[in-house]
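Notes to accompany the following structure.
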Amino acid sequence: MAKLNVGWSEISITPDKKISLAGQFAERISEYVEKPLMATAMAVECGGDQMVICATDLVGVSYNLKDAVQDALKDNKEGLVPEKVIICAIHTHTGPVYPRGQLQNLTSSDSNVQLLEQFLAPGVKYVPAVDANRPDVCTPQEVFDFLVEKLSKVIIEAWKARKPGKFVNAFDRAAVGMCRRVDYSDGTAQMWGNANTAVFTELEGGNDSGVELMYVFDENDKLTGVVPNLACPAQCVQHRLFVSPDFWGETKVLIREKLGQDIFMLPLCGPAGDQCPVDLVRWVNPETDVHDPNLIRHNPPVRKADPSMFDIAGMKKAGKRVANAILDTYEEIDVKDAQEDIKFEHHVHNMQLPLRRATLSEYNEAIKAIKEYLRDHEGNVDFNDAANLQVKLGIVKRFKLQEKMECLDTDVHIIRMGSVAFATSPFELFLDYGNQIKARQLCEQSFLIQLANGTEGYLPTEKAEKHGHYSAFIASGQIGHEGGDLLVRETLKDINKLFEDDYKVYEYKE
């Protein structure tokens with residue numbers, strides 16, 4: 001047992017110029033800033049061990065960004081161990097594009113565009129929709145360098161700010177995340193599928209309205225920050241042409257109005273690869289066209305339901321729900337229950353997760369389909385063509401990759417902080433995997449963080465792989481359900497080992 005020290009810091013990661021917005025197949029340029037993008041860091045030191053969690057208003061944190069930030073921190077004079085830093089993303093689709101390197105095993109991997117260019121006939125070229133030479137738009141490399149500078153700064157500032165602290169962990173509910181995969185009677189599924197049809201059978205997965213909460217206080221019992229963990233990506237205004245931290249930005253505004261402008265918030269996205277804020281059963285059309293063919297509904301019935309979760313009104317509603325959970329629970333907790341003299345351990349487990357493989361027949365069919373598509377295509381190609389071919393290009397990439405490697409090096413951080421566990425993964429992990437961990441953990445509560453220290457795509461369930469469609473295609477992520485099952489087993493083993501000495505087995509007595 002040892003005394004807890006906690007430090008906080010926050011910094012804007014909003015570029016001064018317009019940006020290319022990440023998260024959609026369509027290339028988009030921001031028109032204005034709805035709310036600034038932020039990075040918030042919470043540093044923890046206890047008993048000679050340490051942890052820094054840096055939550056970012058980004059779509060993901062790639063290996064090359066994580067590595068660059070850790071490199072920038074390696075010569076610090078403050079005693080911070082860069083390998084104990086966790087950088088995660090809320091998965092907003094209204095943040096910046098930057099060069100994203102994947103697969104920490106490899107030095108390079110072709111992007112879909114680079115692979116598509118290898119199939120183009122002489123004289124045909126890929127034409128970006130966004131002019132890379134526009135002086136009013138940040139280049140992806142400028143964004144990357146900017147992020148490295150800002151993230152390394154906020155992390156070291158949080159570490160330097162650490163002082164005696166304590167926390168109360170708690171729980172509430174907010175109905176924000178819902179399954180976004182629709183199942184049909186023929187055994188198929190679609191992400192963002194239309195449920196208003198006689199062949200709709202069910203939403204493929206469940207949802208989790210639970211909000212894991214941690215309230216952090218200083219030694220004088222003053223609240224310094226809040227850590228909410230929610231199984232839903234920040235994807236309300238995901239198609240819009242402005243910069244925004246989505247519903248988490250609204251949540252922060254509301255809790256600071258009540259608790260003070262100096263209160264920090266560390267938003268953590270839990271396993272939610274098949275989740276979104278949109279109710280696909282009680283469908284409400286976007287207020288204006290979002291230019292997404294998956295979201296077209298012809299004359300849908302008018303519903304008494306949420307406002308459109310593709311617009312600011314829906315974003316505000318989702319943010320208010322999360323803020324209400326945070327504020328209501330804060331009124332109920334007692335700082336006398338705070339944990340400050342605790343057990344604290346932080347381990348990094350490098351898991352070898354098996355790559356999801358493509359078959360030879362899938363590869364040959366993909367090559368054939370790409371060539372046929374380009375044979376019938378007139379003129380140059382652009383992002384629309386890369387989007388149309390992303391499934392086939394993904395199969396080709398996977399077939400080439402699996403000749404070089406069999407397993408993905410996956411760093412998973414496992415932390416015990418008093419009665420609470422933190423566990424990370426670099427995937428858009430489907431909800432079922434997170435539920436399996438929560439149901440079988442020996443700790444009182446766990447904060448599960450996806451898209452942390454890497455962005456390796458979706459990790460679907462076996463059921464989703466059989467049903468198909470986006471998020472379950474081979475092209476959608478590096479790892480399949482076998483790797484997901486292994487990730488669950490190893491994460492549970494690591495968590496439970498940290499808590500097994502304190503776990504009491506209760507036997508039913510007749």
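Within each chain, counting starts at residue 1; across the structure tokens, chains are named A, B, ... in the order shown, with ligands numbered 1 upward in that order.
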
(message) Which of stretch 22-199 of chain A end up as helix (DSSP H, G or I) when DSSP is run on this backbone - answer as a PyMOL selection string?
(response) chain A and resi 63-73+82-84+112-117+140-160

(message) Set the distance at 9 Å and use only C-alpha atoms: which residues neighbour stretch 118-122 of chain A once local chain neighbours fewer than 2 positions away are removed? I'd like the list as a list in words.
(response) Val113, Gln114, Leu115, Leu116, Val124, Lys125, Tyr126, Ile370, Lys371, Leu374, Arg375, Asn380 and Val381 of chain A

(message) With only C-alpha atoms as the counted atoms, please give the residues lying no more than 7 Å from stretch 38-52 of chain A, apart from itself and same-chain residues fewer than 2 positions off, as a PyMOL selection string.
(response) chain A and resi 2-13+36+54-57+84-86+151+154-155+158-159+162+266+344-346

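For the set A:Gly123, A:Lys397, A:Val420, A:Tyr470, the residue with the smallest atom-to-atom gap to A:Asn294 is A:Tyr470, counting only C-alpha atoms.
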
(message) Nearest residue to A:Gly394 out of A:Asp274, A:Glu250, A:Asp110, A:Asp328, using only C-alpha atoms?
(response) A:Asp110

(request) Counting only C-alpha atoms, figure out which residue out of A:Thr455, A:Asn194, A:Thr139, A:Gln339 gets nearest to A:Asp16. (result) A:Thr139

(request) One decimal, Å: what's the distance from atom CA of A:Arg173 over to atom CA of A:Gln238, could you say? (result) 23.5 Å

I'd like the contact shell of A:Met315 - 6 Å cut-off, only C-alpha atoms, skipping same-chain residues fewer than 2 positions apart - returned as a PDB file with all heavy atoms, in the first residue's frame.
```
ATOM      1  N   CYS A 236     -21.681  11.542 -33.270  1.00  0.00           N
ATOM      2  CA  CYS A 236     -22.965  12.165 -33.601  1.00  0.00           C
ATOM      3  C   CYS A 236     -22.853  12.996 -34.878  1.00  0.00           C
ATOM      4  O   CYS A 236     -23.605  12.787 -35.822  1.00  0.00           O
ATOM      5  CB  CYS A 236     -23.441  13.041 -32.446  1.00  0.00           C
ATOM      6  SG  CYS A 236     -24.039  12.130 -31.000  1.00  0.00           S
ATOM      7  N   PHE A 247     -19.954  14.748 -28.773  1.00  0.00           N
ATOM      8  CA  PHE A 247     -20.733  14.892 -27.543  1.00  0.00           C
ATOM      9  C   PHE A 247     -19.878  15.064 -26.297  1.00  0.00           C
ATOM     10  O   PHE A 247     -20.331  15.615 -25.291  1.00  0.00           O
ATOM     11  CB  PHE A 247     -21.730  13.735 -27.356  1.00  0.00           C
ATOM     12  CG  PHE A 247     -21.135  12.374 -27.119  1.00  0.00           C
ATOM     13  CD1 PHE A 247     -20.609  12.024 -25.889  1.00  0.00           C
ATOM     14  CD2 PHE A 247     -21.135  11.421 -28.134  1.00  0.00           C
ATOM     15  CE1 PHE A 247     -20.089  10.761 -25.658  1.00  0.00           C
ATOM     16  CE2 PHE A 247     -20.615  10.149 -27.913  1.00  0.00           C
ATOM     17  CZ  PHE A 247     -20.090   9.824 -26.672  1.00  0.00           C
ATOM     18  N   ILE A 312     -26.166  18.575 -34.565  1.00  0.00           N
ATOM     19  CA  ILE A 312     -25.793  19.220 -33.309  1.00  0.00           C
ATOM     20  C   ILE A 312     -26.845  19.000 -32.238  1.00  0.00           C
ATOM     21  O   ILE A 312     -26.515  18.813 -31.058  1.00  0.00           O
ATOM     22  CB  ILE A 312     -25.527  20.721 -33.543  1.00  0.00           C
ATOM     23  CG1 ILE A 312     -24.186  20.887 -34.288  1.00  0.00           C
ATOM     24  CG2 ILE A 312     -25.495  21.485 -32.238  1.00  0.00           C
ATOM     25  CD1 ILE A 312     -23.806  22.322 -34.585  1.00  0.00           C
ATOM     26  N   ALA A 313     -28.132  18.986 -32.607  1.00  0.00           N
ATOM     27  CA  ALA A 313     -29.182  18.768 -31.607  1.00  0.00           C
ATOM     28  C   ALA A 313     -29.010  17.410 -30.926  1.00  0.00           C
ATOM     29  O   ALA A 313     -29.139  17.287 -29.695  1.00  0.00           O
ATOM     30  CB  ALA A 313     -30.559  18.866 -32.260  1.00  0.00           C
ATOM     31  N   LYS A 317     -27.918  16.435 -26.995  1.00  0.00           N
ATOM     32  CA  LYS A 317     -28.710  15.504 -26.189  1.00  0.00           C
ATOM     33  C   LYS A 317     -27.820  14.408 -25.589  1.00  0.00           C
ATOM     34  O   LYS A 317     -27.914  14.087 -24.403  1.00  0.00           O
ATOM     35  CB  LYS A 317     -29.815  14.874 -27.035  1.00  0.00           C
ATOM     36  CG  LYS A 317     -30.615  13.775 -26.359  1.00  0.00           C
ATOM     37  CD  LYS A 317     -31.466  14.291 -25.212  1.00  0.00           C
ATOM     38  CE  LYS A 317     -32.724  14.961 -25.717  1.00  0.00           C
ATOM     39  NZ  LYS A 317     -33.652  15.292 -24.591  1.00  0.00           N
ATOM     40  N   ALA A 318     -26.948  13.815 -26.411  1.00  0.00           N
ATOM     41  CA  ALA A 318     -26.047  12.768 -25.917  1.00  0.00           C
ATOM     42  C   ALA A 318     -25.098  13.326 -24.862  1.00  0.00           C
ATOM     43  O   ALA A 318     -24.864  12.696 -23.818  1.00  0.00           O
ATOM     44  CB  ALA A 318     -25.269  12.160 -27.078  1.00  0.00           C
TER      45      ALA A 318
END
```

Pick out each residue of stretch 222-372 of chain A that DSSP on the backbone tags as strand (DSSP E or B); I need them as a compact mmCIF listing (two decimals) with N, CA, C and O atoms, in the first residue's frame.
```
# COMPACT_ATOMS: atom_id res chain seq x y z
N LEU A 223 -12.46 18.61 -5.45
CA LEU A 223 -12.54 17.87 -6.71
C LEU A 223 -11.60 18.50 -7.74
O LEU A 223 -11.62 19.72 -7.95
N THR A 224 -10.78 17.66 -8.38
CA THR A 224 -9.87 18.16 -9.41
C THR A 224 -10.23 17.65 -10.80
O THR A 224 -9.96 18.33 -11.80
N GLY A 225 -10.81 16.46 -10.89
CA GLY A 225 -11.12 15.92 -12.20
C GLY A 225 -12.06 14.73 -12.14
O GLY A 225 -12.27 14.13 -11.09
N VAL A 226 -12.60 14.40 -13.32
CA VAL A 226 -13.55 13.31 -13.46
C VAL A 226 -13.10 12.42 -14.60
O VAL A 226 -12.67 12.91 -15.66
N VAL A 227 -13.22 11.09 -14.41
CA VAL A 227 -12.88 10.12 -15.45
C VAL A 227 -14.14 9.32 -15.79
O VAL A 227 -14.52 8.42 -15.03
N PRO A 228 -14.82 9.63 -16.91
CA PRO A 228 -15.95 8.82 -17.35
C PRO A 228 -15.52 7.84 -18.45
O PRO A 228 -14.74 8.19 -19.33
N ASN A 229 -16.03 6.62 -18.38
CA ASN A 229 -15.70 5.57 -19.34
C ASN A 229 -17.01 5.02 -19.90
O ASN A 229 -17.82 4.46 -19.17
N LEU A 230 -17.21 5.18 -21.21
CA LEU A 230 -18.50 4.91 -21.85
C LEU A 230 -18.30 4.08 -23.10
O LEU A 230 -17.39 4.36 -23.90
N PHE A 242 -17.21 20.59 -39.81
CA PHE A 242 -16.61 21.45 -38.81
C PHE A 242 -15.76 20.61 -37.87
O PHE A 242 -15.87 19.38 -37.83
N VAL A 243 -14.90 21.29 -37.12
CA VAL A 243 -14.05 20.64 -36.13
C VAL A 243 -14.83 20.54 -34.83
O VAL A 243 -15.43 21.52 -34.37
N PHE A 264 -11.01 19.10 -14.57
CA PHE A 264 -10.56 18.34 -15.74
C PHE A 264 -11.52 17.18 -16.00
O PHE A 264 -12.16 16.66 -15.09
N MET A 265 -11.59 16.77 -17.26
CA MET A 265 -12.37 15.57 -17.62
C MET A 265 -11.53 14.72 -18.56
O MET A 265 -11.02 15.22 -19.56
N LEU A 268 -12.97 8.50 -21.69
CA LEU A 268 -12.41 7.23 -22.14
C LEU A 268 -13.47 6.44 -22.90
O LEU A 268 -14.56 6.19 -22.37
N CYS A 269 -13.16 6.05 -24.13
CA CYS A 269 -14.08 5.26 -24.96
C CYS A 269 -13.84 3.78 -24.69
O CYS A 269 -12.74 3.27 -24.91
N GLN A 275 -20.95 -0.05 -31.84
CA GLN A 275 -21.87 0.87 -31.17
C GLN A 275 -21.85 2.25 -31.81
O GLN A 275 -20.90 2.63 -32.50
N CYS A 276 -22.92 3.01 -31.57
CA CYS A 276 -23.02 4.39 -32.04
C CYS A 276 -24.13 5.08 -31.25
O CYS A 276 -24.89 4.42 -30.55
N GLN A 339 -10.27 6.57 -1.89
CA GLN A 339 -9.09 5.71 -1.78
C GLN A 339 -7.84 6.55 -2.01
O GLN A 339 -7.73 7.24 -3.04
N ASP A 341 -4.56 5.51 0.02
CA ASP A 341 -3.45 4.62 0.39
C ASP A 341 -3.78 3.26 -0.23
O ASP A 341 -4.56 2.49 0.33
N ILE A 342 -3.18 2.98 -1.39
CA ILE A 342 -3.70 1.91 -2.24
C ILE A 342 -2.59 1.00 -2.77
O ILE A 342 -1.41 1.31 -2.69
N PHE A 344 -1.00 -0.25 -6.17
CA PHE A 344 -0.93 0.27 -7.54
C PHE A 344 0.14 -0.50 -8.31
O PHE A 344 1.29 -0.59 -7.88
N GLU A 345 -0.26 -1.08 -9.43
CA GLU A 345 0.68 -1.79 -10.30
C GLU A 345 0.30 -1.53 -11.75
O GLU A 345 -0.88 -1.49 -12.10
N HIS A 346 1.31 -1.37 -12.59
CA HIS A 346 1.11 -1.10 -14.01
C HIS A 346 2.00 -2.04 -14.82
O HIS A 346 3.22 -1.98 -14.73
N HIS A 347 1.36 -2.93 -15.59
CA HIS A 347 2.09 -3.88 -16.43
C HIS A 347 1.74 -3.65 -17.90
O HIS A 347 0.61 -3.27 -18.23
N VAL A 348 2.70 -3.89 -18.77
CA VAL A 348 2.47 -3.84 -20.21
C VAL A 348 2.69 -5.25 -20.75
O VAL A 348 3.78 -5.80 -20.65
N HIS A 349 1.64 -5.83 -21.28
CA HIS A 349 1.67 -7.20 -21.80
C HIS A 349 1.68 -7.15 -23.32
O HIS A 349 0.73 -6.69 -23.93
N ASN A 350 2.77 -7.62 -23.92
CA ASN A 350 2.83 -7.71 -25.37
C ASN A 350 2.19 -9.03 -25.81
O ASN A 350 2.80 -10.09 -25.71
N MET A 351 0.97 -8.95 -26.28
CA MET A 351 0.23 -10.14 -26.71
C MET A 351 0.48 -10.41 -28.19
O MET A 351 0.56 -9.48 -28.98
N GLN A 352 0.60 -11.67 -28.52
CA GLN A 352 0.75 -12.09 -29.91
C GLN A 352 -0.61 -12.59 -30.39
O GLN A 352 -1.00 -13.73 -30.13
N LEU A 353 -1.34 -11.72 -31.08
CA LEU A 353 -2.69 -12.06 -31.53
C LEU A 353 -2.65 -12.49 -33.00
O LEU A 353 -2.05 -11.80 -33.83
N PRO A 354 -3.28 -13.62 -33.33
CA PRO A 354 -3.19 -14.14 -34.70
C PRO A 354 -3.87 -13.24 -35.71
O PRO A 354 -4.98 -12.76 -35.49
N LEU A 355 -3.16 -13.01 -36.81
CA LEU A 355 -3.71 -12.20 -37.89
C LEU A 355 -4.91 -12.91 -38.51
O LEU A 355 -4.92 -14.14 -38.66
```

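Atom pair atom CA of A:Phe447 / atom CA of A:Gly270: separated by 7.4 Å.
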
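If you measure from each of A:Thr461, A:Thr92, A:Gln445, A:Asn76 to A:Val59 using only C-alpha atoms, the closest one turns out to be A:Thr92.
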
(request) Considering only C-alpha atoms, state which residue in the set A:Cys407, A:Ala423, A:Tyr184, A:Gln390 is at the smallest distance from A:Ser111. (result) A:Gln390
